[in-house]
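Next up, final-v8.pdb (PDB, C-alpha atoms):
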MODEL        1
ATOM      1  CA  MET A   1     -10.206   5.109 -50.964
ATOM      2  CA  ASP A   2     -11.065   1.407 -50.931
ATOM      3  CA  PHE A   3      -7.423   0.652 -50.148
ATOM      4  CA  LEU A   4      -7.496   2.955 -47.093
ATOM      5  CA  CYS A   5     -10.718   1.353 -45.870
ATOM      6  CA  GLU A   6      -9.109  -2.074 -46.149
ATOM      7  CA  ILE A   7      -6.090  -0.877 -44.139
ATOM      8  CA  VAL A   8      -8.373   0.540 -41.435
ATOM      9  CA  GLN A   9     -10.338  -2.708 -41.303
ATOM     10  CA  VAL A  10      -7.136  -4.735 -40.967
ATOM     11  CA  LEU A  11      -5.856  -2.457 -38.184
ATOM     12  CA  VAL A  12      -9.189  -2.687 -36.323
ATOM     13  CA  ALA A  13      -9.139  -6.469 -36.673
ATOM     14  CA  LEU A  14      -5.546  -6.650 -35.390
ATOM     15  CA  ALA A  15      -6.409  -4.373 -32.450
ATOM     16  CA  ALA A  16      -9.419  -6.541 -31.575
ATOM     17  CA  LEU A  17      -7.310  -9.683 -31.853
ATOM     18  CA  GLY A  18      -4.612  -8.120 -29.681
ATOM     19  CA  PHE A  19      -7.177  -7.152 -27.069
ATOM     20  CA  ILE A  20      -8.594 -10.677 -26.974
ATOM     21  CA  VAL A  21      -5.087 -12.187 -26.639
ATOM     22  CA  VAL A  22      -4.182  -9.839 -23.766
ATOM     23  CA  LEU A  23      -7.540 -10.573 -22.106
ATOM     24  CA  ILE A  24      -6.893 -14.316 -22.304
ATOM     25  CA  ILE A  25      -3.329 -13.920 -20.980
ATOM     26  CA  ALA A  26      -4.553 -11.754 -18.098
ATOM     27  CA  HIS A  27      -7.235 -14.287 -17.194
ATOM     28  CA  VAL A  28      -5.047 -17.404 -17.487
ATOM     29  CA  THR A  29      -2.123 -15.927 -15.519
ATOM     30  CA  ALA A  30      -4.280 -14.489 -12.721
ATOM     31  CA  GLY A  31      -3.014 -15.548  -9.300
ATOM     32  CA  MET A  32      -5.329 -15.939  -6.336
ATOM     33  CA  VAL A  33      -5.207 -14.020  -3.042
ATOM     34  CA  ASN A  34      -2.275 -15.430  -1.073
ATOM     35  CA  LEU A  35      -2.742 -15.004   2.667
ATOM     36  CA  THR A  36      -0.615 -17.964   3.735
ATOM     37  CA  ARG A  37       2.362 -17.411   6.015
ATOM     38  CA  HIS A  38       5.590 -19.264   6.563
ATOM     39  CA  ASP A  39       5.805 -20.546  10.136
ATOM     40  CA  LYS A  40       8.550 -18.006  10.903
ATOM     41  CA  GLU A  41       6.234 -15.158   9.827
ATOM     42  CA  LYS A  42       3.669 -15.990  12.482
ATOM     43  CA  TYR A  43       5.822 -14.763  15.378
ATOM     44  CA  PHE A  44       7.595 -11.663  16.657
ATOM     45  CA  LEU A  45      10.368 -11.415  19.240
ATOM     46  CA  THR A  46       9.710 -10.028  22.717
ATOM     47  CA  ALA A  47      12.252  -7.912  24.613
ATOM     48  CA  ALA A  48      13.416 -11.126  26.280
ATOM     49  CA  GLY A  49      14.077 -12.689  22.873
ATOM     50  CA  GLU A  50      11.150 -15.084  23.104
ATOM     51  CA  LYS A  51       8.793 -15.802  20.201
ATOM     52  CA  GLU A  52       5.197 -14.667  20.531
ATOM     53  CA  LEU A  53       2.336 -15.178  18.108
ATOM     54  CA  PHE A  54       1.124 -12.177  16.090
ATOM     55  CA  PRO A  55      -2.563 -11.328  16.604
ATOM     56  CA  SER A  56      -5.065 -11.216  13.736
ATOM     57  CA  LEU A  57      -6.895  -8.355  12.072
ATOM     58  CA  HIS A  58     -10.036 -10.407  12.707
ATOM     59  CA  ASP A  59      -9.596  -9.909  16.461
ATOM     60  CA  PRO A  60     -11.145  -6.869  18.221
ATOM     61  CA  HIS A  61      -8.774  -3.873  18.374
ATOM     62  CA  SER A  62      -6.635  -3.376  21.479
ATOM     63  CA  LYS A  63      -4.691  -0.266  20.372
ATOM     64  CA  GLU A  64      -5.845   3.104  19.108
ATOM     65  CA  LEU A  65      -3.334   3.176  16.247
ATOM     66  CA  SER A  66      -1.232   0.691  14.312
ATOM     67  CA  VAL A  67       1.540   1.981  12.045
ATOM     68  CA  VAL A  68       2.596  -0.517   9.362
ATOM     69  CA  ILE A  69       5.970   0.211   7.763
ATOM     70  CA  PRO A  70       7.057  -1.923   4.765
ATOM     71  CA  ALA A  71      10.844  -2.029   4.529
ATOM     72  CA  TYR A  72      13.147  -3.570   1.948
ATOM     73  CA  ASN A  73      16.873  -2.922   2.441
ATOM     74  CA  GLU A  74      16.118   0.168   4.556
ATOM     75  CA  GLU A  75      18.813  -0.045   7.263
ATOM     76  CA  LEU A  76      20.121   3.416   6.310
ATOM     77  CA  ARG A  77      16.920   5.405   5.693
ATOM     78  CA  MET A  78      14.589   3.815   8.232
ATOM     79  CA  PRO A  79      16.172   5.107  11.497
ATOM     80  CA  VAL A  80      15.348   8.730  10.603
ATOM     81  CA  MET A  81      11.725   7.784   9.968
ATOM     82  CA  LEU A  82      11.439   5.659  13.125
ATOM     83  CA  ASP A  83      13.005   8.394  15.264
ATOM     84  CA  GLU A  84      10.476  10.918  13.968
ATOM     85  CA  ALA A  85       7.543   8.520  14.362
ATOM     86  CA  THR A  86       8.377   7.320  17.877
ATOM     87  CA  GLU A  87       9.127  10.865  19.076
ATOM     88  CA  TYR A  88       5.725  12.043  17.827
ATOM     89  CA  LEU A  89       3.808   9.036  19.154
ATOM     90  CA  GLU A  90       5.499   9.085  22.559
ATOM     91  CA  SER A  91       4.801  12.815  22.900
ATOM     92  CA  ARG A  92       1.176  12.268  21.974
ATOM     93  CA  GLN A  93       0.857   9.481  24.522
ATOM     94  CA  LYS A  94       2.259  11.702  27.267
ATOM     95  CA  GLN A  95      -0.268  14.406  26.427
ATOM     96  CA  HIS A  96      -3.121  11.880  26.165
ATOM     97  CA  PRO A  97      -2.370   8.799  28.328
ATOM     98  CA  SER A  98      -5.380   6.941  26.926
ATOM     99  CA  PHE A  99      -3.785   6.997  23.466
ATOM    100  CA  THR A 100      -2.087   3.686  22.639
ATOM    101  CA  TYR A 101      -0.117   2.694  19.567
ATOM    102  CA  GLU A 102       2.033   0.057  17.953
ATOM    103  CA  ILE A 103       4.526   0.134  15.107
ATOM    104  CA  ILE A 104       4.948  -2.957  12.936
ATOM    105  CA  VAL A 105       8.054  -2.935  10.762
ATOM    106  CA  VAL A 106       7.708  -5.503   7.982
ATOM    107  CA  ASP A 107      11.102  -6.554   6.649
ATOM    108  CA  ASP A 108      10.266  -7.664   3.111
ATOM    109  CA  GLY A 109      13.038 -10.224   2.721
ATOM    110  CA  SER A 110      15.840  -7.654   2.991
ATOM    111  CA  LYS A 111      19.463  -8.539   2.287
ATOM    112  CA  ASP A 112      20.837  -5.945   4.707
ATOM    113  CA  LYS A 113      20.344  -5.337   8.445
ATOM    114  CA  THR A 114      16.806  -3.932   8.278
ATOM    115  CA  THR A 115      15.517  -6.455  10.832
ATOM    116  CA  GLU A 116      18.390  -5.787  13.251
ATOM    117  CA  VAL A 117      17.834  -2.021  13.043
ATOM    118  CA  ALA A 118      14.101  -2.409  13.697
ATOM    119  CA  LEU A 119      14.733  -4.766  16.625
ATOM    120  CA  ARG A 120      16.801  -2.049  18.318
ATOM    121  CA  TYR A 121      13.647   0.069  18.503
ATOM    122  CA  SER A 122      11.672  -2.926  19.742
ATOM    123  CA  ARG A 123      14.156  -3.366  22.608
ATOM    124  CA  LYS A 124      14.135   0.369  23.363
ATOM    125  CA  TYR A 125      10.346   0.868  23.439
ATOM    126  CA  GLY A 126       9.215  -2.687  24.146
ATOM    127  CA  ALA A 127       7.606  -5.263  21.856
ATOM    128  CA  ASP A 128       4.153  -4.019  22.829
ATOM    129  CA  LYS A 129       4.938  -0.789  20.976
ATOM    130  CA  VAL A 130       7.380  -1.862  18.250
ATOM    131  CA  ARG A 131       7.195  -5.257  16.591
ATOM    132  CA  VAL A 132       9.178  -6.678  13.698
ATOM    133  CA  LEU A 133       7.705  -9.038  11.118
ATOM    134  CA  THR A 134      10.451 -10.548   8.961
ATOM    135  CA  LEU A 135       9.218 -12.128   5.741
ATOM    136  CA  VAL A 136      11.088 -15.211   4.585
ATOM    137  CA  LYS A 137      10.905 -14.154   0.914
ATOM    138  CA  ASN A 138      10.412 -10.786  -0.762
ATOM    139  CA  ARG A 139       6.724 -10.288  -1.551
ATOM    140  CA  GLY A 140       6.776  -6.704  -2.778
ATOM    141  CA  LYS A 141       5.575  -3.568  -1.011
ATOM    142  CA  GLY A 142       1.899  -4.490  -1.283
ATOM    143  CA  GLY A 143       2.505  -7.956   0.114
ATOM    144  CA  ALA A 144       4.528  -6.529   2.995
ATOM    145  CA  VAL A 145       1.864  -3.938   3.871
ATOM    146  CA  ARG A 146      -0.835  -6.607   3.764
ATOM    147  CA  MET A 147       1.078  -8.978   6.061
ATOM    148  CA  GLY A 148       1.687  -6.196   8.568
ATOM    149  CA  THR A 149      -1.913  -4.995   8.412
ATOM    150  CA  LEU A 150      -3.266  -8.503   8.979
ATOM    151  CA  SER A 151      -1.065  -8.682  12.109
ATOM    152  CA  SER A 152      -2.145  -5.351  13.585
ATOM    153  CA  ARG A 153      -4.176  -4.439  16.680
ATOM    154  CA  GLY A 154      -5.187  -0.851  15.918
ATOM    155  CA  LYS A 155      -8.628   0.686  15.759
ATOM    156  CA  VAL A 156      -7.174   2.625  12.828
ATOM    157  CA  ILE A 157      -4.202   1.483  10.744
ATOM    158  CA  LEU A 158      -1.679   3.775   9.076
ATOM    159  CA  MET A 159       0.449   2.662   6.157
ATOM    160  CA  ALA A 160       3.691   4.698   6.140
ATOM    161  CA  ASP A 161       6.832   4.436   4.017
ATOM    162  CA  ALA A 162      10.167   3.640   5.645
ATOM    163  CA  ASP A 163      11.939   6.550   3.949
ATOM    164  CA  GLY A 164      10.053   9.167   5.980
ATOM    165  CA  ALA A 165       9.182  11.200   2.878
ATOM    166  CA  THR A 166       5.895  12.268   4.480
ATOM    167  CA  LYS A 167       6.093  14.285   7.693
ATOM    168  CA  PHE A 168       4.789  11.913  10.357
ATOM    169  CA  SER A 169       2.854  14.574  12.254
ATOM    170  CA  ASP A 170       0.646  14.833   9.153
ATOM    171  CA  LEU A 171      -1.063  11.835  10.712
ATOM    172  CA  GLU A 172      -3.338  14.453  12.299
ATOM    173  CA  LYS A 173      -4.386  15.644   8.827
ATOM    174  CA  VAL A 174      -5.339  12.193   7.576
ATOM    175  CA  GLU A 175      -7.082  11.490  10.898
ATOM    176  CA  ALA A 176      -9.185  14.614  10.394
ATOM    177  CA  GLY A 177      -9.977  13.462   6.850
ATOM    178  CA  LEU A 178     -11.066  10.084   8.188
ATOM    179  CA  ASN A 179     -13.258  11.588  10.909
ATOM    180  CA  ASN A 180     -14.885  13.988   8.428
ATOM    181  CA  LEU A 181     -16.157  10.974   6.503
ATOM    182  CA  ASN A 182     -18.200  10.022   9.593
ATOM    183  CA  PRO A 183     -17.626   6.276   9.025
ATOM    184  CA  LYS A 184     -20.569   4.958  11.052
ATOM    185  CA  PRO A 185     -22.422   2.636  11.486
ATOM    186  CA  GLU A 186     -20.178   0.120   9.666
ATOM    187  CA  ASN A 187     -17.038   2.141  10.442
ATOM    188  CA  MET A 188     -15.778   1.923   6.855
ATOM    189  CA  ALA A 189     -13.464   4.729   5.702
ATOM    190  CA  ILE A 190     -10.034   5.402   4.167
ATOM    191  CA  SER A 191      -8.060   8.645   4.277
ATOM    192  CA  CYS A 192      -5.261   9.003   1.697
ATOM    193  CA  GLY A 193      -2.337  11.359   1.996
ATOM    194  CA  SER A 194      -1.857  13.210  -1.285
ATOM    195  CA  ARG A 195       1.011  14.950  -3.093
ATOM    196  CA  ALA A 196      -1.213  16.240  -5.901
ATOM    197  CA  HIS A 197      -0.825  19.834  -4.681
ATOM    198  CA  LEU A 198       2.954  19.506  -5.276
ATOM    199  CA  GLU A 199       2.614  18.210  -8.828
ATOM    200  CA  GLN A 200       3.342  21.465 -10.672
ATOM    201  CA  ASP A 201       6.613  21.973  -8.801
ATOM    202  CA  SER A 202       7.661  18.364  -9.392
ATOM    203  CA  VAL A 203       6.893  18.619 -13.112
ATOM    204  CA  ALA A 204       9.258  21.589 -13.380
ATOM    205  CA  GLN A 205      12.089  19.419 -12.001
ATOM    206  CA  ARG A 206      11.363  16.311 -14.079
ATOM    207  CA  SER A 207      12.472  15.437 -17.594
ATOM    208  CA  VAL A 208       9.863  15.536 -20.358
ATOM    209  CA  PHE A 209      10.005  11.742 -20.607
ATOM    210  CA  ARG A 210       9.333  11.184 -16.881
ATOM    211  CA  THR A 211       6.525  13.744 -16.976
ATOM    212  CA  PHE A 212       4.988  11.870 -19.920
ATOM    213  CA  LEU A 213       5.197   8.579 -17.989
ATOM    214  CA  MET A 214       3.628  10.189 -14.918
ATOM    215  CA  TYR A 215       0.663  11.642 -16.793
ATOM    216  CA  GLY A 216       0.264   8.414 -18.760
ATOM    217  CA  PHE A 217       0.061   6.476 -15.501
ATOM    218  CA  HIS A 218      -2.467   8.941 -14.046
ATOM    219  CA  PHE A 219      -4.617   8.545 -17.166
ATOM    220  CA  LEU A 220      -4.541   4.737 -16.967
ATOM    221  CA  VAL A 221      -5.480   4.844 -13.262
ATOM    222  CA  TRP A 222      -8.445   7.125 -14.052
ATOM    223  CA  PHE A 223      -9.514   5.272 -17.200
ATOM    224  CA  LEU A 224      -9.201   1.705 -15.890
ATOM    225  CA  CYS A 225      -9.539   1.634 -12.125
ATOM    226  CA  VAL A 226      -9.967   4.594  -9.774
ATOM    227  CA  ARG A 227     -11.920   7.800 -10.263
ATOM    228  CA  GLY A 228     -11.824  10.886  -8.080
ATOM    229  CA  ILE A 229      -8.433  10.296  -6.399
ATOM    230  CA  LYS A 230      -5.619  12.453  -7.817
ATOM    231  CA  ASP A 231      -2.727  10.693  -6.052
ATOM    232  CA  THR A 232      -3.215   6.954  -5.550
ATOM    233  CA  GLN A 233       0.470   6.214  -4.893
ATOM    234  CA  CYS A 234       1.300   8.263  -1.790
ATOM    235  CA  GLY A 235       2.486   5.798   0.851
ATOM    236  CA  PHE A 236       0.602   7.477   3.707
ATOM    237  CA  LYS A 237      -2.879   6.018   4.045
ATOM    238  CA  LEU A 238      -5.122   5.596   7.083
ATOM    239  CA  PHE A 239      -7.763   2.852   7.296
ATOM    240  CA  THR A 240     -10.422   2.057   9.819
ATOM    241  CA  ARG A 241      -9.909  -1.504  11.024
ATOM    242  CA  GLU A 242     -13.073  -2.632   9.251
ATOM    243  CA  ALA A 243     -12.052  -1.019   5.940
ATOM    244  CA  ALA A 244      -8.572  -2.577   6.167
ATOM    245  CA  LEU A 245     -10.050  -6.043   6.679
ATOM    246  CA  LYS A 246     -12.477  -5.578   3.793
ATOM    247  CA  THR A 247      -9.896  -4.330   1.288
ATOM    248  CA  PHE A 248      -6.724  -6.251   2.184
ATOM    249  CA  SER A 249      -8.620  -9.563   2.236
ATOM    250  CA  SER A 250      -9.300  -9.124  -1.505
ATOM    251  CA  LEU A 251      -5.909  -7.702  -2.520
ATOM    252  CA  HIS A 252      -4.031  -9.608  -5.259
ATOM    253  CA  VAL A 253      -1.335  -7.196  -6.497
ATOM    254  CA  GLU A 254       1.716  -7.279  -4.227
ATOM    255  CA  ARG A 255       4.018  -4.829  -5.959
ATOM    256  CA  TRP A 256       3.950  -1.154  -6.993
ATOM    257  CA  ALA A 257       0.362  -0.956  -8.262
ATOM    258  CA  PHE A 258      -1.179  -2.463  -5.128
ATOM    259  CA  ASP A 259      -2.432   0.982  -3.953
ATOM    260  CA  VAL A 260      -4.566   1.220  -7.090
ATOM    261  CA  GLU A 261      -6.156  -2.180  -6.558
ATOM    262  CA  LEU A 262      -6.802  -1.346  -2.889
ATOM    263  CA  LEU A 263      -8.660   1.830  -3.838
ATOM    264  CA  TYR A 264     -10.437   0.049  -6.699
ATOM    265  CA  ILE A 265     -11.675  -2.568  -4.206
ATOM    266  CA  ALA A 266     -12.716   0.182  -1.784
ATOM    267  CA  GLN A 267     -14.728   1.974  -4.483
ATOM    268  CA  CYS A 268     -16.373  -1.302  -5.541
ATOM    269  CA  PHE A 269     -17.454  -1.791  -1.912
ATOM    270  CA  LYS A 270     -18.525   1.890  -1.788
ATOM    271  CA  ILE A 271     -16.146   2.610   1.109
ATOM    272  CA  PRO A 272     -15.842   6.414   1.573
ATOM    273  CA  ILE A 273     -12.375   7.773   0.672
ATOM    274  CA  ALA A 274     -10.882  11.143   1.605
ATOM    275  CA  GLU A 275      -7.820  12.683  -0.068
ATOM    276  CA  VAL A 276      -5.772  14.984   2.158
ATOM    277  CA  ALA A 277      -2.754  17.131   1.193
ATOM    278  CA  VAL A 278       0.386  16.207   3.163
ATOM    279  CA  ASN A 279       3.949  17.489   3.378
ATOM    280  CA  TRP A 280       6.237  15.372   1.242
ATOM    281  CA  THR A 281       9.959  15.484   0.462
ATOM    282  CA  GLU A 282      11.712  13.244  -2.049
ATOM    283  CA  ILE A 283      14.299  11.103  -0.265
ATOM    284  CA  GLU A 284      17.295   9.625  -2.090
ATOM    285  CA  GLY A 285      17.502   5.853  -2.364
ATOM    286  CA  SER A 286      14.074   5.073  -3.839
ATOM    287  CA  LYS A 287      13.564   1.460  -4.975
ATOM    288  CA  LEU A 288      11.397   2.737  -7.853
ATOM    289  CA  VAL A 289      13.233   2.408 -11.177
ATOM    290  CA  PRO A 290      11.624   5.190 -13.268
ATOM    291  CA  PHE A 291      11.051   3.463 -16.623
ATOM    292  CA  TRP A 292      10.720  -0.214 -15.693
ATOM    293  CA  SER A 293       8.636   0.386 -12.546
ATOM    294  CA  TRP A 294       6.208   2.615 -14.454
ATOM    295  CA  LEU A 295       6.027  -0.036 -17.199
ATOM    296  CA  GLN A 296       5.295  -2.745 -14.635
ATOM    297  CA  MET A 297       2.629  -0.590 -12.983
ATOM    298  CA  GLY A 298       1.003   0.141 -16.348
ATOM    299  CA  ARG A 299       0.840  -3.570 -17.114
ATOM    300  CA  ASP A 300      -0.595  -4.259 -13.648
ATOM    301  CA  LEU A 301      -3.301  -1.608 -14.130
ATOM    302  CA  ILE A 302      -4.441  -3.212 -17.384
ATOM    303  CA  PHE A 303      -4.402  -6.676 -15.807
ATOM    304  CA  ILE A 304      -6.293  -5.483 -12.691
ATOM    305  CA  ARG A 305      -9.170  -4.232 -14.818
ATOM    306  CA  MET A 306      -9.194  -7.224 -17.137
ATOM    307  CA  ARG A 307      -8.996  -9.814 -14.349
ATOM    308  CA  TYR A 308     -11.932  -8.307 -12.485
ATOM    309  CA  PHE A 309     -13.800  -7.913 -15.789
ATOM    310  CA  THR A 310     -13.399 -11.628 -16.643
ATOM    311  CA  ARG A 311     -14.022 -12.546 -12.976
ATOM    312  CA  ALA A 312     -10.680 -14.296 -12.732
ATOM    313  CA  TRP A 313     -10.486 -12.129  -9.598
ATOM    314  CA  LYS A 314     -13.525 -11.599  -7.423
ATOM    315  CA  LEU A 315     -14.210  -9.347  -4.466
ATOM    316  CA  GLN A 316     -14.068 -11.584  -1.442
ATOM    317  CA  SER A 317     -15.552 -11.582   2.009
ATOM    318  CA  PRO A 318     -12.855 -11.356   4.711
ATOM    319  CA  HIS A 319     -11.546 -14.747   5.780
ATOM    320  CA  LYS A 320      -8.959 -16.009   8.187
ATOM    321  CA  THR A 321      -5.260 -16.100   7.298
ATOM    322  CA  ASP A 322      -3.312 -19.319   7.488
TER     323      ASP A 322
ENDMDL
END

Target encoding structure tokens, full file:
Amino acid sequence: MDFLCEIVQVLVALAALGFIVVLIIAHVTAGMVNLTRHDKEKYFLTAAGEKELFPSLHDPHSKELSVVIPAYNEELRMPVMLDEATEYLESRQKQHPSFTYEIIVVDDGSKDKTTEVALRYSRKYGADKVRVLTLVKNRGKGGAVRMGTLSSRGKVILMADADGATKFSDLEKVEAGLNNLNPKPENMAISCGSRAHLEQDSVAQRSVFRTFLMYGFHFLVWFLCVRGIKDTQCGFKLFTREAALKTFSSLHVERWAFDVELLYIAQCFKIPIAEVAVNWTEIEGSKLVPFWSWLQMGRDLIFIRMRYFTRAWKLQSPHKTD
């Protein structure tokens, strides 16, 4: 019995030591918010091929809606999404002439012709409606979304994936979710598209191992960071301009787990969040590598919580980008 007690004590001591080591590593390796831009990232091309300076999220809105599309090597999948989005938005503008929009495609350092494909839409619809922000180096999806958001003009800002997995007309559903939050007087609100209602069907098609990883990730999200949101990872989220400025100004994580940190920041600031079921179809060509991406996200979740706990990361007031 004494022997077992000694083993338990040793295991507890090792676990405590391991926790302290991970805590120290998380704190020491914490990077700060990086809002700096390369000079080339400050401009977009007009229809005449001239460079024009991107506006700032700090400026008053001049469009009803901004759609930010992060894209990395998406020359093949993106045209289907852009066709669907522009068809919907143009139709909506014809029905309601006061409705104005812009699409910002953020090429996240692609090695293919993503920028050239996006520029075709800019020439077709004009640079006032479709703009292309080409990042000099790959930042990750979160970094790309942040750079596009900080360059947007919309009263509300939609984050949408380039693969078109979510039906674009479901914008109306997330808009309704946002309006139901009644985000006045500070106009702070976020409406998240959700695939949680499709989970049972997806589980039936997944391997046991992938299902285990999925549920493990959901548990870590709930335990460490975000409560009350069933699907933090759906790439279809709508922000009021004020909520986007508040959350993206504090965002550190630039890769797969950035959605979790965004929602964690929002809950820390007590920004109301709605979760709305949307239509979603899995599209071939995902950049997510099942095992390694989940492993990276799990590590990021642990580090998010630890870095805020040790105050290596702090919630920041919005400040100007460089």

*Write out as a VMD selection string which residues come within 8 Å of range 49-58 of chain A when counting only C-alpha atoms, dropping same-chain ones fewer than 2 positions away.*
chain A and resid 42 to 47 60 to 61 149 to 153 241 245 320

*asked:* Which residue is closest to Ala118 in chain A? Choose from A:Asp170, A:Asp300, A:Asp161, A:Glu74 and count all atoms listed in the file.
replied: A:Glu74

_Neighbour residues at most 10 Å from (-0.9, -10.7, -12.2) (all atoms listed in the file) as a PyMOL selection string_ = chain A and resi 25-32+252-255+299-304+307

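Shortest separation to Leu315 in chain A among A:Arg195, A:Arg123, A:Lys137, A:Lys246 occurs at residue A:Lys246, atoms counted being only C-alpha atoms.
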
_With distances taken over all atoms listed in the file, which residue among A:Ile157, A:Trp294, A:Leu76, A:Ile271 lies nearest Met214 in chain A?_
A:Trp294

Kindly complete range 178-185 of chain A to all heavy atoms; the output should be written as a compact mmCIF listing (two decimals), in the coordinates of the input.
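Final file, result-v5.txt:
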# COMPACT_ATOMS: atom_id res chain seq x y z
N LEU A 178 -10.32 11.31 7.87
CA LEU A 178 -11.07 10.08 8.19
C LEU A 178 -12.31 10.41 9.01
O LEU A 178 -13.41 9.92 8.72
CB LEU A 178 -10.16 9.11 8.96
CG LEU A 178 -10.60 7.64 9.01
CD1 LEU A 178 -10.41 7.00 7.65
CD2 LEU A 178 -9.80 6.89 10.06
N ASN A 179 -12.14 11.24 10.03
CA ASN A 179 -13.26 11.59 10.91
C ASN A 179 -14.34 12.37 10.17
O ASN A 179 -15.53 12.23 10.46
CB ASN A 179 -12.76 12.39 12.11
CG ASN A 179 -11.87 11.57 13.03
OD1 ASN A 179 -12.02 10.35 13.10
ND2 ASN A 179 -10.93 12.21 13.71
N ASN A 180 -13.91 13.20 9.20
CA ASN A 180 -14.88 13.99 8.43
C ASN A 180 -15.79 13.11 7.57
O ASN A 180 -16.88 13.54 7.17
CB ASN A 180 -14.17 15.01 7.54
CG ASN A 180 -13.58 16.15 8.36
OD1 ASN A 180 -13.98 16.41 9.48
ND2 ASN A 180 -12.59 16.83 7.78
N LEU A 181 -15.33 11.90 7.29
CA LEU A 181 -16.16 10.97 6.50
C LEU A 181 -17.29 10.38 7.34
O LEU A 181 -18.22 9.79 6.80
CB LEU A 181 -15.30 9.84 5.93
CG LEU A 181 -14.27 10.24 4.87
CD1 LEU A 181 -13.37 9.06 4.53
CD2 LEU A 181 -14.97 10.75 3.61
N ASN A 182 -17.17 10.53 8.67
CA ASN A 182 -18.20 10.02 9.59
C ASN A 182 -18.51 8.55 9.29
O ASN A 182 -19.63 8.20 8.88
CB ASN A 182 -19.47 10.87 9.49
CG ASN A 182 -20.44 10.60 10.63
OD1 ASN A 182 -20.04 10.13 11.70
ND2 ASN A 182 -21.71 10.87 10.40
N PRO A 183 -17.51 7.66 9.51
CA PRO A 183 -17.63 6.28 9.02
C PRO A 183 -18.51 5.35 9.86
O PRO A 183 -18.14 4.21 10.11
CB PRO A 183 -16.17 5.81 9.07
CG PRO A 183 -15.57 6.58 10.20
CD PRO A 183 -16.24 7.92 10.18
N LYS A 184 -19.65 5.83 10.31
CA LYS A 184 -20.57 4.96 11.05
C LYS A 184 -21.79 4.68 10.17
O LYS A 184 -22.06 5.44 9.24
CB LYS A 184 -20.97 5.64 12.36
CG LYS A 184 -19.80 5.82 13.33
CD LYS A 184 -20.24 6.51 14.61
CE LYS A 184 -19.06 6.68 15.57
NZ LYS A 184 -19.43 7.36 16.82
N PRO A 185 -22.53 3.60 10.39
CA PRO A 185 -22.42 2.64 11.49
C PRO A 185 -21.44 1.50 11.23
O PRO A 185 -21.03 0.81 12.15
CB PRO A 185 -23.85 2.08 11.58
CG PRO A 185 -24.35 2.14 10.16
CD PRO A 185 -23.73 3.37 9.56
